[in-house]
>>> print(open('model06.pdb').read())   # PDB, C-alpha atoms (C1' of nucleotides)
ATOM      1  CA  MET N   8      11.652  13.807  -9.871  1.00  0.00           C
ATOM      2  CA  PRO N   9       9.373  10.816 -10.262  1.00  0.00           C
ATOM      3  CA  GLU N  10      12.089   8.938 -12.080  1.00  0.00           C
ATOM      4  CA  ALA N  11      14.303   8.494  -9.052  1.00  0.00           C
ATOM      5  CA  MET N  12      11.268   7.757  -6.970  1.00  0.00           C
ATOM      6  CA  GLN N  13      10.293   4.952  -9.269  1.00  0.00           C
ATOM      7  CA  THR N  14      13.810   3.580  -9.181  1.00  0.00           C
ATOM      8  CA  ARG N  15      13.956   3.599  -5.420  1.00  0.00           C
ATOM      9  CA  ILE N  16      10.578   2.001  -5.069  1.00  0.00           C
ATOM     10  CA  LEU N  17      11.633  -0.766  -7.433  1.00  0.00           C
ATOM     11  CA  ALA N  18      14.853  -1.230  -5.483  1.00  0.00           C
ATOM     12  CA  ALA N  19      12.965  -1.441  -2.225  1.00  0.00           C
ATOM     13  CA  ILE N  20      10.667  -4.099  -3.622  1.00  0.00           C
ATOM     14  CA  ARG N  21      13.519  -6.135  -5.046  1.00  0.00           C
ATOM     15  CA  GLY N  22      15.207  -5.906  -1.678  1.00  0.00           C
ATOM     16  CA  ILE N  23      12.570  -7.992   0.046  1.00  0.00           C
ATOM     17  CA  PRO N  24      14.259 -11.320   0.815  1.00  0.00           C
ATOM     18  CA  ARG N  25      12.599 -14.636   0.111  1.00  0.00           C
ATOM     19  CA  GLY N  26      10.404 -15.819   2.931  1.00  0.00           C
ATOM     20  CA  LYS N  27       9.785 -12.255   4.090  1.00  0.00           C
ATOM     21  CA  VAL N  28       7.079  -9.787   3.191  1.00  0.00           C
ATOM     22  CA  SER N  29       6.469  -6.064   3.302  1.00  0.00           C
ATOM     23  CA  THR N  30       3.616  -3.639   2.841  1.00  0.00           C
ATOM     24  CA  TYR N  31       2.878  -0.864   0.354  1.00  0.00           C
ATOM     25  CA  GLY N  32       3.382   1.667   3.076  1.00  0.00           C
ATOM     26  CA  ASP N  33       6.661   0.214   4.254  1.00  0.00           C
ATOM     27  CA  VAL N  34       8.018   0.031   0.726  1.00  0.00           C
ATOM     28  CA  ALA N  35       7.092   3.652   0.206  1.00  0.00           C
ATOM     29  CA  ARG N  36       8.878   4.632   3.412  1.00  0.00           C
ATOM     30  CA  ALA N  37      11.910   2.543   2.530  1.00  0.00           C
ATOM     31  CA  ALA N  38      12.044   4.398  -0.774  1.00  0.00           C
ATOM     32  CA  GLY N  39      11.974   7.667   1.095  1.00  0.00           C
ATOM     33  CA  HIS N  40       8.411   8.556   0.174  1.00  0.00           C
ATOM     34  CA  PRO N  41       6.099   8.014   3.109  1.00  0.00           C
ATOM     35  CA  GLY N  42       2.510   8.283   2.011  1.00  0.00           C
ATOM     36  CA  ALA N  43       3.135   7.059  -1.512  1.00  0.00           C
ATOM     37  CA  ALA N  44       1.694   3.625  -0.842  1.00  0.00           C
ATOM     38  CA  ARG N  45      -0.654   3.972  -3.774  1.00  0.00           C
ATOM     39  CA  ARG N  46       2.226   4.769  -6.039  1.00  0.00           C
ATOM     40  CA  VAL N  47       3.848   1.509  -4.961  1.00  0.00           C
ATOM     41  CA  ALA N  48       0.756  -0.454  -5.878  1.00  0.00           C
ATOM     42  CA  TRP N  49       0.715   1.149  -9.278  1.00  0.00           C
ATOM     43  CA  THR N  50       4.344   0.379  -9.860  1.00  0.00           C
ATOM     44  CA  LEU N  51       3.796  -3.248  -8.989  1.00  0.00           C
ATOM     45  CA  HIS N  52       0.969  -3.479 -11.447  1.00  0.00           C
ATOM     46  CA  ARG N  53       2.936  -1.873 -14.238  1.00  0.00           C
ATOM     47  CA  SER N  54       6.362  -3.402 -13.844  1.00  0.00           C
ATOM     48  CA  VAL N  55       7.124  -7.067 -14.291  1.00  0.00           C
ATOM     49  CA  GLY N  56       9.799  -9.353 -12.917  1.00  0.00           C
ATOM     50  CA  LEU N  57       9.275  -8.200  -9.367  1.00  0.00           C
ATOM     51  CA  PRO N  58       8.555 -10.207  -6.208  1.00  0.00           C
ATOM     52  CA  TRP N  59       5.056  -8.700  -6.214  1.00  0.00           C
ATOM     53  CA  HIS N  60       3.693 -11.497  -4.038  1.00  0.00           C
ATOM     54  CA  ARG N  61       5.811 -10.247  -1.128  1.00  0.00           C
ATOM     55  CA  VAL N  62       3.977  -6.954  -0.955  1.00  0.00           C
ATOM     56  CA  LEU N  63       0.836  -6.836   1.144  1.00  0.00           C
ATOM     57  CA  GLY N  64      -1.483  -4.264   2.587  1.00  0.00           C
ATOM     58  CA  ALA N  65      -1.192  -2.891   6.110  1.00  0.00           C
ATOM     59  CA  GLY N  66      -1.533  -5.605   8.710  1.00  0.00           C
ATOM     60  CA  GLY N  67      -0.424  -8.293   6.271  1.00  0.00           C
ATOM     61  CA  GLU N  68      -3.716  -8.409   4.445  1.00  0.00           C
ATOM     62  CA  ILE N  69      -3.829  -9.372   0.788  1.00  0.00           C
ATOM     63  CA  LYS N  70      -5.318  -6.545  -1.207  1.00  0.00           C
ATOM     64  CA  LEU N  71      -5.831  -8.479  -4.406  1.00  0.00           C
ATOM     65  CA  ARG N  72      -9.035 -10.064  -5.602  1.00  0.00           C
ATOM     66  CA  GLY N  73     -10.036 -13.343  -7.089  1.00  0.00           C
ATOM     67  CA  ASP N  74      -7.439 -15.694  -8.495  1.00  0.00           C
ATOM     68  CA  SER N  75      -4.590 -13.248  -8.030  1.00  0.00           C
ATOM     69  CA  ALA N  76      -5.152 -13.327  -4.297  1.00  0.00           C
ATOM     70  CA  ILE N  77      -5.086 -17.106  -4.276  1.00  0.00           C
ATOM     71  CA  GLU N  78      -1.901 -17.203  -6.285  1.00  0.00           C
ATOM     72  CA  GLN N  79      -0.198 -14.716  -4.034  1.00  0.00           C
ATOM     73  CA  ARG N  80      -1.078 -16.719  -0.977  1.00  0.00           C
ATOM     74  CA  LEU N  81       0.200 -19.928  -2.523  1.00  0.00           C
ATOM     75  CA  ARG N  82       3.447 -18.305  -3.593  1.00  0.00           C
ATOM     76  CA  LEU N  83       4.022 -16.973  -0.110  1.00  0.00           C
ATOM     77  CA  GLU N  84       3.234 -20.235   1.599  1.00  0.00           C
ATOM     78  CA  ALA N  85       5.637 -21.881  -0.818  1.00  0.00           C
ATOM     79  CA  GLU N  86       8.323 -19.576   0.580  1.00  0.00           C
ATOM     80  CA  GLY N  87       7.460 -20.554   4.104  1.00  0.00           C
ATOM     81  CA  VAL N  88       5.301 -17.585   5.018  1.00  0.00           C
ATOM     82  CA  ALA N  89       2.686 -18.493   7.590  1.00  0.00           C
ATOM     83  CA  PHE N  90      -0.845 -17.187   7.463  1.00  0.00           C
ATOM     84  CA  ARG N  91      -3.128 -16.478  10.361  1.00  0.00           C
ATOM     85  CA  GLY N  92      -6.606 -16.548   8.965  1.00  0.00           C
ATOM     86  CA  ARG N  93      -6.577 -14.366   5.868  1.00  0.00           C
ATOM     87  CA  ARG N  94      -3.563 -12.408   6.961  1.00  0.00           C
ATOM     88  CA  VAL N  95       0.128 -13.050   6.954  1.00  0.00           C
ATOM     89  CA  ASP N  96       1.777 -13.411  10.300  1.00  0.00           C
ATOM     90  CA  MET N  97       3.657 -10.131  10.064  1.00  0.00           C
ATOM     91  CA  LYS N  98       5.140 -10.565  13.497  1.00  0.00           C
ATOM     92  CA  ASP N  99       7.423 -13.213  12.048  1.00  0.00           C
ATOM     93  CA  HIS N 100       7.677 -12.435   8.360  1.00  0.00           C
ATOM     94  CA  ARG N 101       7.652  -8.683   8.139  1.00  0.00           C
ATOM     95  CA  PHE N 102      10.802  -7.429   6.501  1.00  0.00           C
ATOM     96  CA  GLN N 103      11.907  -4.264   8.162  1.00  0.00           C
ATOM     97  CA  ASN N 104      15.085  -2.267   8.357  1.00  0.00           C
ATOM     98  CA  ARG N 105      16.028   1.145   9.758  1.00  0.00           C
ATOM     99  CA  ALA N 106      14.133   2.961   7.025  1.00  0.00           C
ATOM    100  CA  THR N 107      10.885   1.087   7.482  1.00  0.00           C
ATOM    101  CA  ARG N 108      11.016   1.290  11.256  1.00  0.00           C
ATOM    102  CA  LYS N 109       8.393   3.610  12.624  1.00  0.00           C
ATOM    103  CA  PRO N 110       9.945   6.656  14.327  1.00  0.00           C
ATOM    104  CA  ARG N 111       9.007   6.305  17.969  1.00  0.00           C
ATOM    105  CA  ARG N 112       9.509   9.491  19.916  1.00  0.00           C
ATOM    106  CA  ARG N 113      11.655   8.670  22.902  1.00  0.00           C
ATOM    107  CA  LYS N 114      10.788  10.020  26.317  1.00  0.00           C
ATOM    108  CA  LYS N 115       9.127  13.348  25.979  1.00  0.00           C
TER     109      LYS N 115
ATOM    110  C1'  DG G  13      -6.489  22.530 -14.778  1.00  0.00           C
ATOM    111  C1'  DA G  14     -10.495  19.488 -13.131  1.00  0.00           C
ATOM    112  C1'  DT G  15     -11.964  14.820 -12.397  1.00  0.00           C
ATOM    113  C1'  DA G  16     -11.501   9.905 -11.864  1.00  0.00           C
ATOM    114  C1'  DT G  17      -8.890   5.830 -10.707  1.00  0.00           C
ATOM    115  C1'  DG G  18      -5.814   2.441  -8.313  1.00  0.00           C
ATOM    116  C1'  DA G  19      -3.015  -4.267  -5.520  1.00  0.00           C
ATOM    117  C1'  DC G  20      -3.204   2.116   0.059  1.00  0.00           C
ATOM    118  C1'  DG G  21      -3.274   4.012   5.148  1.00  0.00           C
ATOM    119  C1'  DT G  22      -5.155   5.903   9.250  1.00  0.00           C
ATOM    120  C1'  DC G  23      -8.666   7.480  12.193  1.00  0.00           C
ATOM    121  C1'  DA G  24     -13.540   8.003  13.760  1.00  0.00           C
ATOM    122  C1'  DT G  25     -17.849   5.895  14.403  1.00  0.00           C
TER     123       DT G  25
ATOM    124  C1'  DC E   5     -14.604  -6.286  13.164  1.00  0.00           C
ATOM    125  C1'  DA E   6     -17.328  -3.381   9.194  1.00  0.00           C
ATOM    126  C1'  DT E   7     -17.995   1.227   7.085  1.00  0.00           C
ATOM    127  C1'  DG E   8     -17.173   5.634   5.778  1.00  0.00           C
ATOM    128  C1'  DA E   9     -14.501   9.784   5.256  1.00  0.00           C
ATOM    129  C1'  DC E  10     -10.387  11.951   4.274  1.00  0.00           C
ATOM    130  C1'  DG E  11      -5.420  12.158   3.024  1.00  0.00           C
ATOM    131  C1'  DC E  12      -1.787  10.848  -0.135  1.00  0.00           C
ATOM    132  C1'  DC E  13       0.875   9.976  -4.709  1.00  0.00           C
ATOM    133  C1'  DA E  14       1.265   9.743  -9.777  1.00  0.00           C
ATOM    134  C1'  DT E  15      -1.338   8.854 -14.217  1.00  0.00           C
ATOM    135  C1'  DA E  16      -5.056   8.906 -17.659  1.00  0.00           C
ATOM    136  C1'  DT E  17      -8.474  11.415 -20.150  1.00  0.00           C
TER     137       DT E  17
END
>>> encode(input="model06.pdb", output="structure tokens")
Amino acid sequence: MPEAMQTRILAAIRGIPRGKVSTYGDVARAAGHPGAARRVAWTLHRSVGLPWHRVLGAGGEIKLRGDSAIEQRLRLEAEGVAFRGRRVDMKDHRFQNRATRKPRRRKK
DNA sequence: GATATGACGTCAT
DNA sequence: CATGACGCCATAT
């Protein structure tokens, strides 16, 4: 049911705290839909009133073009997010919780 | 139902 | 690091 999916994706996006960032893929996983990164991007484009600037592509790279990309970067820097070249320093600003954590297989 | 599109991701080269 | 191919999801026509 796409409805619930949409709701959970929105919730995941709204859950990103100020000064932190996430990625399309992580948001999708947090919503319980790994692989639906594209769906997340679509949602962000459609819906309004969301912290869209806190969502980046894998590796902390801005996937927008032109002015939008500039604006996103400025907004993030205004929140204290540090950039390393054209990417965000995910090591310090990546918002992750149990759900977004990548399942590492322990021992063998 | 087939095809195209989008603020994607991962892997191979 | 740059490209290309393929996979993935939901919509739009």
>>> interface_residues(input="model06.pdb", of="chain G", to="chain N", cutoff="7 Å", atoms="only C-alpha atoms (C1' of nucleotides)", output="ChimeraX atom specification")
/G:18-20
>>> resolve_selection(input="model06.pdb", expression="the PyMOL selection byres ((chain E and resi 17) around 10)", output="JSON, numbers by chain")
{"G": [15, 16], "E": [15, 16]}
>>> closest_residue(input="model06.pdb", among="N:His40, N:Gly26, N:Glu78, N:Gln103", to="chain E", atoms="only C-alpha atoms (C1' of nucleotides)")
N:His40
>>> atom_distance(input="model06.pdb", atom1="atom CA of N:Met12", atom2="atom C1' of E:DA14")
10.6 Å
>>> resolve_selection(input="model06.pdb", expression="the PyMOL selection byres ((chain E) within 9 of (chain N))", output="PyMOL selection string")
chain E and resi 11-14
>>> atom_distance(input="model06.pdb", atom1="atom CA of N:Glu68", atom2="atom CA of N:Ile16")
20.1 Å
>>> atom_distance(input="model06.pdb", atom1="atom CA of N:Gly67", atom2="atom CA of N:Ser29")
7.8 Å
>>> resolve_selection(input="model06.pdb", expression="the PyMOL selection byres ((chain N and resi 81-89) around 9)", output="MDAnalysis selection string")
chainID N and resid 25:28 60:61 76:80 90:91 94:97 99:100
>>> axis_aligned_box(input="model06.pdb", around="stretch 15-20 of chain G", padding_each_side="8 Å", output="lines of an AutoDock Vina configuration file")
center_x = -7.5
center_y = 5.3
center_z = -6.2
size_x = 24.9
size_y = 35.1
size_z = 28.5
